[in-house]
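start_6.cif (mmCIF, C-alpha atoms and all ligand atoms) appears below.
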data_structure
loop_
_atom_site.label_atom_id
_atom_site.label_comp_id
_atom_site.auth_asym_id
_atom_site.auth_seq_id
_atom_site.Cartn_x
_atom_site.Cartn_y
_atom_site.Cartn_z
CA MET C 1473 25.60 95.77 10.33
CA ILE C 1474 22.67 96.04 12.72
CA LEU C 1475 19.81 93.60 13.25
CA VAL C 1476 16.38 95.23 13.19
CA THR C 1477 13.28 93.28 14.25
CA GLY C 1478 9.89 94.34 12.92
CA GLY C 1479 11.48 96.43 10.17
CA ALA C 1480 8.55 95.92 7.79
CA GLY C 1481 6.11 97.62 10.17
CA PHE C 1482 5.26 101.28 10.53
CA ILE C 1483 8.07 102.58 12.74
CA GLY C 1484 10.57 99.81 11.93
CA GLY C 1485 10.07 100.40 8.19
CA ASN C 1486 10.59 104.13 8.55
CA PHE C 1487 13.63 103.39 10.72
CA VAL C 1488 15.24 101.05 8.17
CA LEU C 1489 14.78 103.63 5.38
CA ASP C 1490 16.06 106.42 7.61
CA TRP C 1491 19.00 104.41 8.99
CA ILE C 1492 20.34 103.38 5.59
CA ALA C 1493 19.89 106.92 4.21
CA GLU C 1494 21.53 108.58 7.23
CA THR C 1495 24.30 106.13 8.13
CA GLY C 1496 24.78 103.87 5.10
CA GLU C 1497 25.24 100.96 7.53
CA PRO C 1498 23.68 97.65 6.39
CA VAL C 1499 20.61 96.21 8.10
CA VAL C 1500 19.42 92.64 8.47
CA ASN C 1501 15.67 92.94 8.94
CA LEU C 1502 13.83 90.10 10.73
CA ASP C 1503 10.08 90.40 10.37
CA LYS C 1504 7.30 87.82 10.44
CA LEU C 1505 5.15 89.82 8.01
CA THR C 1506 1.96 89.73 10.02
CA TYR C 1507 -0.93 91.83 8.67
CA ALA C 1508 1.04 94.87 9.95
CA GLY C 1509 4.25 94.11 8.06
CA ASN C 1510 4.48 95.26 4.47
CA LEU C 1511 7.51 94.93 2.23
CA GLU C 1512 5.88 97.51 -0.04
CA THR C 1513 7.19 100.06 2.49
CA LEU C 1514 10.76 98.98 1.68
CA LYS C 1515 10.34 98.80 -2.11
CA SER C 1516 12.94 101.53 -2.64
CA LEU C 1517 15.54 99.15 -1.11
CA ASP C 1518 14.70 96.24 -3.45
CA SER C 1519 18.08 96.22 -5.17
CA ASP C 1520 20.05 97.73 -2.29
CA THR C 1521 22.50 95.18 -0.89
CA ARG C 1522 22.59 97.09 2.41
CA HIS C 1523 19.16 95.68 3.23
CA VAL C 1524 18.82 91.93 3.88
CA PHE C 1525 15.24 90.90 4.55
CA VAL C 1526 14.46 87.69 6.42
CA GLN C 1527 10.89 86.58 6.99
CA GLY C 1528 10.72 84.91 10.39
CA ASP C 1529 9.50 84.97 13.95
CA ILE C 1530 11.40 86.54 16.85
CA CYS C 1531 10.19 83.60 18.96
CA ASP C 1532 12.27 81.25 16.75
CA ARG C 1533 15.48 80.99 18.78
CA GLU C 1534 17.28 78.86 16.22
CA LEU C 1535 16.63 81.41 13.49
CA VAL C 1536 17.72 84.35 15.68
CA ASP C 1537 20.92 82.48 16.67
CA ARG C 1538 21.66 81.75 13.03
CA LEU C 1539 21.14 85.38 11.98
CA LEU C 1540 23.44 86.64 14.73
CA ALA C 1541 26.14 84.10 13.84
CA GLU C 1542 25.87 84.83 10.13
CA HIS C 1543 25.63 88.64 10.15
CA ARG C 1544 27.59 89.53 13.31
CA PRO C 1545 25.56 92.71 14.04
CA ARG C 1546 26.97 95.36 16.36
CA ALA C 1547 23.48 96.11 17.65
CA ILE C 1548 19.93 94.78 17.79
CA VAL C 1549 17.14 97.35 17.47
CA HIS C 1550 13.95 95.61 18.57
CA PHE C 1551 10.67 96.96 17.14
CA ALA C 1552 8.78 93.71 16.43
CA ALA C 1553 5.53 93.61 18.37
CA GLU C 1554 1.81 93.31 18.16
CA SER C 1555 1.01 97.02 18.47
CA HIS C 1556 -2.72 97.71 18.27
CA VAL C 1557 -4.58 98.23 21.57
CA ASP C 1558 -8.01 97.31 20.11
CA ARG C 1559 -6.69 94.02 18.75
CA SER C 1560 -5.12 93.26 22.15
CA ILE C 1561 -8.55 93.63 23.76
CA HIS C 1562 -10.14 91.16 21.35
CA GLY C 1563 -7.25 88.67 21.34
CA PRO C 1564 -4.44 89.16 23.88
CA GLY C 1565 -2.71 85.81 23.25
CA GLU C 1566 -0.58 86.89 20.32
CA PHE C 1567 0.52 89.98 22.28
CA MET C 1568 1.86 87.81 25.09
CA ARG C 1569 3.63 85.55 22.62
CA THR C 1570 5.32 88.14 20.42
CA ASN C 1571 5.81 90.98 22.89
CA VAL C 1572 6.79 88.97 25.97
CA GLU C 1573 8.06 85.59 24.75
CA GLY C 1574 9.56 87.16 21.62
CA THR C 1575 11.50 89.73 23.64
CA PHE C 1576 12.65 86.99 26.01
CA THR C 1577 13.87 84.91 23.08
CA LEU C 1578 15.79 87.85 21.62
CA LEU C 1579 17.35 88.69 24.98
CA GLU C 1580 18.55 85.14 25.47
CA ALA C 1581 19.95 84.96 21.94
CA ALA C 1582 21.61 88.37 22.42
CA ARG C 1583 23.08 87.27 25.74
CA ALA C 1584 24.67 84.18 24.20
CA TYR C 1585 25.97 86.13 21.21
CA TRP C 1586 27.29 89.07 23.25
CA GLY C 1587 28.81 86.71 25.83
CA ALA C 1588 30.98 85.17 23.14
CA LEU C 1589 32.16 88.51 21.73
CA GLU C 1590 35.50 89.90 22.78
CA GLY C 1591 37.32 93.22 23.12
CA GLU C 1592 35.95 96.19 21.21
CA ALA C 1593 33.10 94.25 19.61
CA LYS C 1594 31.88 93.22 23.05
CA ALA C 1595 32.17 96.75 24.46
CA ALA C 1596 30.35 98.27 21.47
CA PHE C 1597 27.38 95.88 21.37
CA ARG C 1598 23.91 97.30 22.17
CA PHE C 1599 20.41 95.84 22.58
CA HIS C 1600 17.98 98.70 21.94
CA HIS C 1601 14.43 97.96 23.08
CA VAL C 1602 11.73 100.13 21.48
CA SER C 1603 8.80 100.67 23.81
CA THR C 1604 5.85 102.92 24.51
CA ASP C 1605 4.56 105.55 26.93
CA GLU C 1606 1.46 103.37 27.47
CA VAL C 1607 3.38 101.33 30.08
CA TYR C 1608 2.93 104.27 32.49
CA GLY C 1609 -0.87 104.09 32.39
CA SER C 1610 -3.19 107.09 32.27
CA LEU C 1611 -2.72 110.68 33.49
CA ALA C 1612 -5.38 112.93 34.99
CA ALA C 1613 -5.65 116.40 33.42
CA HIS C 1614 -3.67 118.09 36.22
CA GLU C 1615 -0.82 115.54 36.43
CA ALA C 1616 2.70 116.18 35.16
CA PRO C 1617 3.81 114.35 31.98
CA PHE C 1618 5.42 110.89 32.33
CA ALA C 1619 9.07 111.06 33.40
CA GLU C 1620 11.26 107.94 33.28
CA THR C 1621 10.75 107.54 37.03
CA HIS C 1622 6.94 107.26 36.75
CA ALA C 1623 5.46 104.01 38.12
CA TYR C 1624 4.52 101.34 35.59
CA GLU C 1625 0.69 101.13 35.54
CA PRO C 1626 -0.30 99.46 32.24
CA ASN C 1627 -4.05 99.18 31.62
CA SER C 1628 -4.51 97.27 28.36
CA PRO C 1629 -3.29 93.80 27.37
CA TYR C 1630 -1.02 95.57 24.84
CA SER C 1631 0.55 97.92 27.38
CA ALA C 1632 0.85 95.13 29.96
CA SER C 1633 2.75 93.03 27.42
CA LYS C 1634 5.05 95.95 26.60
CA ALA C 1635 5.58 96.64 30.30
CA ALA C 1636 6.54 93.00 30.79
CA SER C 1637 9.03 93.24 27.94
CA ASP C 1638 10.54 96.42 29.44
CA HIS C 1639 10.99 94.61 32.75
CA LEU C 1640 12.71 91.68 31.05
CA VAL C 1641 15.13 94.05 29.31
CA ARG C 1642 15.87 95.78 32.62
CA ALA C 1643 16.46 92.44 34.36
CA TRP C 1644 18.84 91.21 31.64
CA PHE C 1645 20.92 94.36 32.24
CA HIS C 1646 21.00 94.07 36.01
CA THR C 1647 21.41 90.31 36.22
CA TYR C 1648 23.56 89.48 33.20
CA GLY C 1649 25.07 92.85 32.32
CA LEU C 1650 23.62 92.73 28.82
CA PRO C 1651 24.25 96.22 27.36
CA VAL C 1652 20.70 97.47 26.86
CA VAL C 1653 18.97 100.80 26.29
CA THR C 1654 15.19 101.31 26.24
CA THR C 1655 13.16 104.11 24.69
CA ASN C 1656 9.52 104.78 25.63
CA CYS C 1657 7.92 106.89 22.95
CA SER C 1658 4.60 108.67 22.57
CA ASN C 1659 2.10 108.10 19.69
CA ASN C 1660 3.80 108.18 16.30
CA TYR C 1661 2.23 109.30 13.04
CA GLY C 1662 3.52 109.66 9.48
CA PRO C 1663 3.96 107.69 6.24
CA TYR C 1664 3.38 103.90 6.07
CA HIS C 1665 1.11 103.87 9.14
CA PHE C 1666 -1.34 100.96 8.97
CA PRO C 1667 -4.88 102.33 8.55
CA GLU C 1668 -6.26 100.79 11.75
CA LYS C 1669 -4.64 103.50 13.92
CA LEU C 1670 -6.38 106.84 14.51
CA ILE C 1671 -4.69 109.20 12.04
CA PRO C 1672 -4.35 106.96 8.94
CA LEU C 1673 -7.80 105.46 9.59
CA MET C 1674 -9.37 108.93 9.57
CA ILE C 1675 -7.57 109.92 6.34
CA VAL C 1676 -8.44 106.69 4.54
CA ASN C 1677 -12.08 106.60 5.74
CA ALA C 1678 -12.65 110.27 4.90
CA LEU C 1679 -11.38 109.78 1.35
CA ALA C 1680 -13.71 106.77 1.01
CA GLY C 1681 -16.69 108.76 2.37
CA LYS C 1682 -16.94 106.40 5.37
CA PRO C 1683 -17.72 107.36 9.00
CA LEU C 1684 -14.88 108.70 11.16
CA PRO C 1685 -15.38 106.75 14.43
CA ILE C 1686 -14.61 108.74 17.58
CA TYR C 1687 -14.40 106.62 20.72
CA GLY C 1688 -16.27 108.03 23.74
CA ASP C 1689 -16.33 111.83 23.93
CA GLY C 1690 -13.23 112.35 21.75
CA GLN C 1691 -11.45 114.13 24.60
CA ASN C 1692 -8.84 111.45 25.29
CA VAL C 1693 -5.42 113.04 24.93
CA ARG C 1694 -2.40 111.60 23.16
CA ASP C 1695 1.08 113.09 22.72
CA TRP C 1696 2.02 112.93 19.01
CA LEU C 1697 5.45 112.63 17.39
CA TYR C 1698 6.30 112.49 13.69
CA VAL C 1699 7.76 109.04 13.01
CA LYS C 1700 11.01 110.34 11.50
CA ASP C 1701 11.68 112.24 14.73
CA HIS C 1702 11.28 108.97 16.64
CA CYS C 1703 13.83 107.42 14.24
CA SER C 1704 16.34 110.22 14.89
CA ALA C 1705 15.85 109.79 18.65
CA ILE C 1706 16.55 106.06 18.41
CA ARG C 1707 19.74 106.80 16.46
CA ALA C 1708 20.82 109.27 19.16
CA VAL C 1709 20.10 106.86 22.03
CA LEU C 1710 21.73 103.92 20.25
CA GLN C 1711 24.86 105.99 19.70
CA ASN C 1712 25.20 107.87 22.98
CA GLY C 1713 22.56 106.61 25.44
CA ARG C 1714 23.82 105.35 28.78
CA LEU C 1715 23.62 101.61 29.29
CA GLY C 1716 20.74 100.32 31.37
CA GLU C 1717 18.90 103.64 31.07
CA THR C 1718 15.48 104.37 29.68
CA TYR C 1719 14.72 107.51 27.67
CA ASN C 1720 11.23 108.91 27.16
CA ILE C 1721 10.76 110.27 23.63
CA GLY C 1722 8.09 112.82 22.75
CA GLY C 1723 7.47 116.17 21.11
CA TRP C 1724 5.57 118.04 23.86
CA ASN C 1725 2.53 117.84 21.69
CA GLU C 1726 -0.62 116.80 23.54
CA LYS C 1727 -3.89 116.88 21.62
CA PRO C 1728 -7.41 115.56 22.23
CA ASN C 1729 -8.47 113.02 19.60
CA LEU C 1730 -11.29 115.22 18.34
CA ASP C 1731 -8.84 118.06 17.58
CA ILE C 1732 -6.67 115.62 15.62
CA VAL C 1733 -9.64 114.48 13.54
CA HIS C 1734 -10.74 118.07 12.86
CA THR C 1735 -7.17 118.95 11.78
CA VAL C 1736 -7.09 115.99 9.40
CA CYS C 1737 -10.50 116.99 7.96
CA ALA C 1738 -9.40 120.61 7.50
CA LEU C 1739 -6.24 119.53 5.62
CA LEU C 1740 -8.26 117.20 3.39
CA ASP C 1741 -10.79 120.00 2.77
CA GLU C 1742 -7.89 122.15 1.57
CA LEU C 1743 -5.95 119.55 -0.40
CA LYS C 1744 -8.77 117.40 -1.83
CA PRO C 1745 -12.09 119.22 -1.43
CA ASP C 1746 -15.19 117.05 -1.53
CA ALA C 1747 -18.26 118.34 -3.38
CA ALA C 1748 -20.47 116.92 -0.60
CA GLY C 1749 -18.95 119.37 1.95
CA SER C 1750 -16.35 119.27 4.74
CA TYR C 1751 -15.08 115.82 5.65
CA SER C 1752 -15.92 116.66 9.27
CA ARG C 1753 -19.55 115.80 8.41
CA LEU C 1754 -18.40 112.15 8.61
CA ILE C 1755 -17.44 112.35 12.32
CA THR C 1756 -19.41 109.69 14.21
CA TYR C 1757 -19.32 109.04 17.95
CA VAL C 1758 -19.08 105.33 18.77
CA THR C 1759 -18.87 103.17 21.92
CA ASP C 1760 -15.72 103.82 23.92
CA ARG C 1761 -12.72 101.47 23.97
CA PRO C 1762 -12.84 99.35 27.20
CA GLY C 1763 -10.28 100.63 29.72
CA HIS C 1764 -9.51 103.59 27.44
CA ASP C 1765 -6.58 105.56 28.89
CA ARG C 1766 -7.60 109.20 29.28
CA ARG C 1767 -4.33 111.00 28.75
CA TYR C 1768 -0.71 110.34 27.82
CA ALA C 1769 2.00 113.00 27.92
CA ILE C 1770 5.76 112.63 27.74
CA ASP C 1771 8.40 114.56 29.64
CA ALA C 1772 11.28 114.42 27.13
CA ARG C 1773 13.77 116.48 29.13
CA LYS C 1774 16.19 113.61 29.77
CA VAL C 1775 16.84 112.79 26.09
CA GLU C 1776 16.96 116.51 25.28
CA ARG C 1777 19.42 117.30 28.06
CA GLU C 1778 21.69 114.26 27.82
CA LEU C 1779 21.72 113.69 24.07
CA GLY C 1780 20.72 117.06 22.63
CA TRP C 1781 17.86 115.42 20.69
CA ARG C 1782 15.05 117.63 19.38
CA PRO C 1783 12.22 116.82 16.96
CA ALA C 1784 12.56 118.41 13.51
CA GLU C 1785 8.80 118.64 12.85
CA THR C 1786 6.07 120.53 14.64
CA PHE C 1787 2.65 118.88 14.67
CA GLU C 1788 1.49 121.33 11.99
CA THR C 1789 4.34 120.47 9.56
CA GLY C 1790 4.23 116.75 10.35
CA ILE C 1791 0.48 116.27 9.95
CA ARG C 1792 0.50 118.19 6.65
CA LYS C 1793 3.30 115.92 5.34
CA THR C 1794 1.35 112.89 6.52
CA VAL C 1795 -1.92 113.85 4.81
CA GLU C 1796 0.02 114.75 1.64
CA TRP C 1797 1.77 111.36 1.75
CA TYR C 1798 -1.55 109.44 1.95
CA LEU C 1799 -2.98 111.50 -0.90
CA ALA C 1800 0.10 110.72 -3.01
CA ASN C 1801 0.22 107.01 -2.17
CA PRO C 1802 -3.24 105.47 -2.59
CA GLU C 1803 -1.68 102.30 -4.03
CA TRP C 1804 0.21 101.62 -0.76
CA VAL C 1805 -3.07 101.88 1.14
CA ALA C 1806 -4.88 99.68 -1.39
CA ASN C 1807 -2.13 97.07 -1.13
CA VAL C 1808 -2.07 96.84 2.64
CA GLN C 1809 -5.86 96.75 2.79
CA SER C 1810 -6.62 94.36 -0.02
CA GLY C 1811 -4.69 91.34 1.18
CA ALA C 1812 -3.46 90.85 -2.39
CA TYR C 1813 -0.07 92.06 -1.36
CA ARG C 1814 0.07 89.58 1.49
CA GLU C 1815 -0.75 86.73 -0.87
CA TRP C 1816 2.09 87.90 -3.08
CA VAL C 1817 4.41 87.92 -0.11
CA SER C 1818 3.55 84.42 0.98
CA ALA C 1819 4.01 83.18 -2.59
CA ASN C 1820 7.38 84.88 -2.81
CA TYR C 1821 8.75 84.48 0.67
CA ALA C 1822 7.20 81.27 1.98
CA GLY C 1823 9.88 78.89 3.10
CA ARG C 1824 12.69 81.41 2.74
CA ASP C 1825 14.95 81.62 5.70
CA ALA C 1826 18.25 83.18 6.67
CA LYS C 1827 20.24 80.86 4.45
CA ASP C 1828 18.73 81.74 1.11
CA SER C 1829 17.70 85.36 1.70
P1 LIG L 1 3.49 97.73 13.62
O1 LIG L 1 2.36 96.89 14.12
O2 LIG L 1 3.24 98.68 12.51
O3 LIG L 1 4.69 96.78 13.14
C1 LIG L 1 5.09 95.65 13.86
C2 LIG L 1 6.00 94.81 12.98
O4 LIG L 1 6.44 93.67 13.73
C3 LIG L 1 5.30 94.27 11.73
O5 LIG L 1 6.10 94.43 10.60
C4 LIG L 1 5.09 92.80 12.04
O6 LIG L 1 5.08 91.97 10.87
C5 LIG L 1 6.28 92.51 12.94
N1 LIG L 1 6.06 91.36 13.84
C6 LIG L 1 4.96 91.12 14.60
N2 LIG L 1 5.11 89.97 15.27
C7 LIG L 1 6.33 89.48 14.94
C8 LIG L 1 7.08 88.33 15.33
N3 LIG L 1 6.57 87.42 16.20
N4 LIG L 1 8.31 88.14 14.79
C9 LIG L 1 8.81 89.02 13.91
N5 LIG L 1 8.15 90.13 13.50
C10 LIG L 1 6.93 90.36 14.02
O7 LIG L 1 4.08 98.45 14.90
P2 LIG L 1 4.72 99.91 15.03
O8 LIG L 1 3.63 100.89 15.26
O9 LIG L 1 5.68 100.12 13.94
O10 LIG L 1 5.51 99.74 16.42
C11 LIG L 1 6.84 99.26 16.44
C12 LIG L 1 7.33 99.22 17.87
O11 LIG L 1 7.27 100.52 18.44
C13 LIG L 1 6.49 98.32 18.78
O12 LIG L 1 7.36 97.65 19.66
C14 LIG L 1 5.59 99.31 19.53
O13 LIG L 1 5.24 98.80 20.79
C15 LIG L 1 6.51 100.51 19.63
N6 LIG L 1 5.83 101.82 19.72
C16 LIG L 1 4.87 102.17 18.81
C17 LIG L 1 4.30 103.43 18.87
C18 LIG L 1 3.27 103.89 17.87
O14 LIG L 1 2.73 104.99 18.01
N7 LIG L 1 2.97 103.14 16.83
C19 LIG L 1 4.69 104.33 19.87
C20 LIG L 1 5.68 103.93 20.78
C21 LIG L 1 6.24 102.68 20.68
O1 LIG L 2 -11.13 104.57 15.31
C1 LIG L 2 -10.55 105.07 16.30
N1 LIG L 2 -11.19 106.05 17.02
C2 LIG L 2 -10.65 106.63 18.13
O2 LIG L 2 -11.26 107.50 18.74
C3 LIG L 2 -9.24 104.67 16.72
C4 LIG L 2 -8.49 103.59 15.97
C5 LIG L 2 -8.70 105.27 17.83
N2 LIG L 2 -9.39 106.20 18.53
C6 LIG L 2 -8.75 106.83 19.71
C7 LIG L 2 -8.19 105.86 20.73
C8 LIG L 2 -7.00 106.61 21.27
O3 LIG L 2 -7.40 107.48 22.32
O4 LIG L 2 -7.63 107.55 19.21
C9 LIG L 2 -6.51 107.44 20.11
C10 LIG L 2 -5.36 106.82 19.35
O5 LIG L 2 -5.69 105.47 19.10
P1 LIG L 2 -4.68 104.47 18.36
O6 LIG L 2 -4.27 105.09 17.06
O7 LIG L 2 -5.29 103.12 18.36
O8 LIG L 2 -3.40 104.57 19.30
P2 LIG L 2 -3.16 104.27 20.86
O9 LIG L 2 -4.19 103.34 21.40
O10 LIG L 2 -2.99 105.59 21.55
O11 LIG L 2 -1.76 103.49 20.78
C11 LIG L 2 -0.72 103.93 19.88
O12 LIG L 2 0.23 104.71 20.53
C12 LIG L 2 1.12 104.07 21.42
C13 LIG L 2 -0.06 102.74 19.17
O13 LIG L 2 -1.04 101.97 18.52
C14 LIG L 2 0.74 101.94 20.15
O14 LIG L 2 1.43 100.89 19.49
C15 LIG L 2 1.74 102.84 20.83
O15 LIG L 2 2.46 102.13 21.80
#

Go through the file and emit its structure as structure tokens.
Amino acid sequence: MILVTGGAGFIGGNFVLDWIAETGEPVVNLDKLTYAGNLETLKSLDSDTRHVFVQGDICDRELVDRLLAEHRPRAIVHFAAESHVDRSIHGPGEFMRTNVEGTFTLLEAARAYWGALEGEAKAAFRFHHVSTDEVYGSLAAHEAPFAETHAYEPNSPYSASKAASDHLVRAWFHTYGLPVVTTNCSNNYGPYHFPEKLIPLMIVNALAGKPLPIYGDGQNVRDWLYVKDHCSAIRAVLQNGRLGETYNIGGWNEKPNLDIVHTVCALLDELKPDAAGSYSRLITYVTDRPGHDRRYAIDARKVERELGWRPAETFETGIRKTVEWYLANPEWVANVQSGAYREWVSANYAGRDAKDS
């Protein structure tokens, strides 16, 4: 049994599906079900006893303690976070609470739980912290990709909160010996991605005939990784990563935003042609994001060398799968956008806690 936090979100949801399919090991999934958490993503596990869902907050120490005592996980894989940079600019408070205080709460609960373990169970326990390349700040065009030794230079409230959480995890290793590993990954894309982030927003807006908003000049560069490749990297690091280490995860796949949007439009033109003409006609330049990082790029040599991890998808195969998935799953998009699904969730899950889930 492992405890996953944020397993109803984009990456956590893909991870839970992937983990159960690949390992068969049960998961207890603690997720608050914010706007970004959707149980619809985990519908295929509805009658699978290997998935135990608990709606709750990682800041709730009593709940986390109870889950650890009840399920005795051999690892915690921590995804839960507020994850959207634009939202962090408009309202940073929730980012500090969930990303910093929530990680602190989990670390303290993990420390108490791990401290009371003995023998093999104690030696095997892992706290895996899932983080981002944004903690390293922004690269100029000529600079080498982020290695694990790069200085922390976060520029947004989101990345500052993730940087703080990374530092807490590091300190709990050095001070208390808590067996931690941290992964810092580049931009993910793929199925079940909430349509506020660049790639799903462009697909969903294009299909609705709405503008495709490009911030600034569209030349900001991100390094993209198919979400299932991130999941396989986390499995590799959880299994064989060295304690106290951080591993940068990425697919050596830097692209300017405008190229991404043109690729999405070209795939939609091929797979669902619009009588009005190419979807690229909808591209609209809008005011830039404040403090917009110019370029991210990941040096993934450490995880490749030490753990033999490689991504299975190229950007071309992964983006095609992603566009095909959105075309095949309009009801998932409608559900996460309408709010109807969230009302259903609160009617069905309100008041449920670890005891009766
Ligand atoms: P997401 O926003 O899609 O999902 C976050 C999940 O956490 C949601 O299900 C939400 O309900 C849950 N959550 C939020 N606050 C909570 C709380 N207080 N208690 C319990 N659950 C809570 O995020 P994502 O894109 O899947 O990212 C997951 C993790 O991976 C985050 O830690 C993020 O920083 C990191 N990451 C994301 C990317 C990316 O490209 N999306 C890249 C690298 C790292
Ligand atoms: O409408 C848009 N127009 C646009 O030009 C949106 C939503 C984004 N952008 C640009 C901003 C970025 O340069 O596209 C790029 C990608 O934006 P996001 O999808 O918001 O991702 P980003 O800010 O790069 O952060 C993501 O990757 C790292 C995740 O949201 C983070 O959780 C992760 O840590």

Practice prompt. Excluding Glu1620 (chain C) and residues on its chain fewer than 2 positions from it, collect all residues at most 9 Å away from it, counting only C-alpha atoms, and give them as a PyMOL selection string.
Written response: chain C and resi 1618+1622-1623+1656+1718-1720+1771-1772+1774

Worksheet entry | Counting all atoms listed in the file, the option among C:Tyr1624, C:Ala1596, C:Met1568, C:Val1536 closest to Ala1582 (chain C) |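 That would be C:Val1536, the residue with the smallest distance to Ala1582 (chain C).
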
Taking all atoms listed in the file into account, produce a table as JSON lines in which each residue of chain C with an atom at most 6 Å from an atom of ligand LIG 1 (chain L) appears once, together with its shortest atom pair and the distance in Å to one decimal, ordered by chain and rising number.
{"residue": "C:Gly1478", "atom": "CA", "partner": "L:LIG1", "partner_atom": "O4", "distance": 3.6}
{"residue": "C:Gly1479", "atom": "CA", "partner": "L:LIG1", "partner_atom": "O5", "distance": 5.8}
{"residue": "C:Ala1480", "atom": "CA", "partner": "L:LIG1", "partner_atom": "O5", "distance": 4.0}
{"residue": "C:Gly1481", "atom": "CA", "partner": "L:LIG1", "partner_atom": "O5", "distance": 3.2}
{"residue": "C:Phe1482", "atom": "CA", "partner": "L:LIG1", "partner_atom": "O9", "distance": 3.6}
{"residue": "C:Ile1483", "atom": "CA", "partner": "L:LIG1", "partner_atom": "O9", "distance": 3.6}
{"residue": "C:Gly1484", "atom": "CA", "partner": "L:LIG1", "partner_atom": "O9", "distance": 5.3}
{"residue": "C:Asp1503", "atom": "CA", "partner": "L:LIG1", "partner_atom": "N5", "distance": 3.7}
{"residue": "C:Lys1504", "atom": "CA", "partner": "L:LIG1", "partner_atom": "N5", "distance": 3.9}
{"residue": "C:Leu1505", "atom": "CA", "partner": "L:LIG1", "partner_atom": "O6", "distance": 3.6}
{"residue": "C:Thr1506", "atom": "CA", "partner": "L:LIG1", "partner_atom": "O6", "distance": 3.9}
{"residue": "C:Ala1508", "atom": "CA", "partner": "L:LIG1", "partner_atom": "C3", "distance": 4.7}
{"residue": "C:Gly1509", "atom": "CA", "partner": "L:LIG1", "partner_atom": "O5", "distance": 3.2}
{"residue": "C:Gly1528", "atom": "CA", "partner": "L:LIG1", "partner_atom": "C9", "distance": 5.7}
{"residue": "C:Asp1529", "atom": "CA", "partner": "L:LIG1", "partner_atom": "N4", "distance": 3.5}
{"residue": "C:Ile1530", "atom": "CA", "partner": "L:LIG1", "partner_atom": "N4", "distance": 4.0}
{"residue": "C:Cys1531", "atom": "CA", "partner": "L:LIG1", "partner_atom": "N3", "distance": 5.9}
{"residue": "C:Phe1551", "atom": "CA", "partner": "L:LIG1", "partner_atom": "C12", "distance": 4.1}
{"residue": "C:Ala1552", "atom": "CA", "partner": "L:LIG1", "partner_atom": "O4", "distance": 3.6}
{"residue": "C:Ala1553", "atom": "CA", "partner": "L:LIG1", "partner_atom": "C6", "distance": 4.6}
{"residue": "C:Glu1554", "atom": "CA", "partner": "L:LIG1", "partner_atom": "C6", "distance": 5.2}
{"residue": "C:Ser1555", "atom": "CA", "partner": "L:LIG1", "partner_atom": "O1", "distance": 4.6}
{"residue": "C:Thr1570", "atom": "CA", "partner": "L:LIG1", "partner_atom": "N3", "distance": 4.5}
{"residue": "C:Val1602", "atom": "CA", "partner": "L:LIG1", "partner_atom": "O12", "distance": 5.3}
{"residue": "C:Ser1603", "atom": "CA", "partner": "L:LIG1", "partner_atom": "C21", "distance": 4.5}
{"residue": "C:Thr1604", "atom": "CA", "partner": "L:LIG1", "partner_atom": "C21", "distance": 3.9}
{"residue": "C:Cys1657", "atom": "CA", "partner": "L:LIG1", "partner_atom": "C20", "distance": 4.3}
{"residue": "C:Ser1658", "atom": "CA", "partner": "L:LIG1", "partner_atom": "C19", "distance": 5.1}
{"residue": "C:Asn1659", "atom": "CA", "partner": "L:LIG1", "partner_atom": "O14", "distance": 3.6}
{"residue": "C:Asn1660", "atom": "CA", "partner": "L:LIG1", "partner_atom": "O14", "distance": 3.8}

Practice prompt. Grab me every residue within 9 Å of ligand LIG 2 (chain L), counting all atoms listed in the file, and send it over as a PyMOL selection string.
Written response: chain C and resi 1553-1558+1603-1607+1630-1631+1634+1656-1661+1667-1674+1684-1696+1728-1730+1732-1733+1757-1758+1760-1761+1764-1768

Discussion item. Between CA of Glu1785 (chain C) and CA of Ile1721 (chain C), what is the distance in Å, rounded to a tenth?
Written reply: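 Pair CA of Glu1785 (chain C) / CA of Ile1721 (chain C) returns 13.8 Å.
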
Discussion item. Just checking: using all atoms listed in the file, which residue out of C:Pro1617, C:His1550, C:Arg1583, C:Leu1578 ends up closest to Thr1654 (chain C)?
Written reply: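 Looking at the shortest contact to Thr1654 (chain C), the residue is C:His1550.
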
Worksheet item: What gap, in Å, lies between CA of Glu1726 (chain C) and CA of Ala1769 (chain C)?
Response: 6.4 Å

Worksheet item: Using all atoms listed in the file, which of C:Thr1477, C:Thr1521, C:Asn1510, C:Ser1752 sits nearest Ile1492 (chain C)?
Response: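 Using all atoms listed in the file, the shortest distance to Ile1492 (chain C) belongs to C:Thr1521.
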
Worksheet entry | One-decimal distance in Å that lies between CA of Ala1635 (chain C) and CA of Pro1762 (chain C) |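 Rounded to one decimal, the two atoms are 18.9 Å apart.
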
Discussion item. Need to verify the contact set: Ala1678 (chain C), 8 Å, all atoms listed in the file, exclusion of same-chain residues closer than 4 positions in sequence. Can you return it as an NGL selection string?
Written reply: :C and (1674 or 1682-1684 or 1737 or 1751 or 1754)

Practice prompt. Can you pull out every residue within 12 Å of Thr1789 (chain C), counting only C-alpha atoms, but drop anything in the same chain fewer than 2 positions away, and send it as a ChimeraX atom specification?
Written response: /C:1661-1662,1697-1698,1735,1739,1783-1787,1791-1796

Practice prompt. Could you give me, as a PyMOL selection string, the residues within 8 Å of region 1637-1642 of chain C, counting only C-alpha atoms and dropping anything in the same chain fewer than 6 positions from it?
Written response: chain C and resi 1571-1572+1575-1576+1579+1601+1603+1652+1654+1716
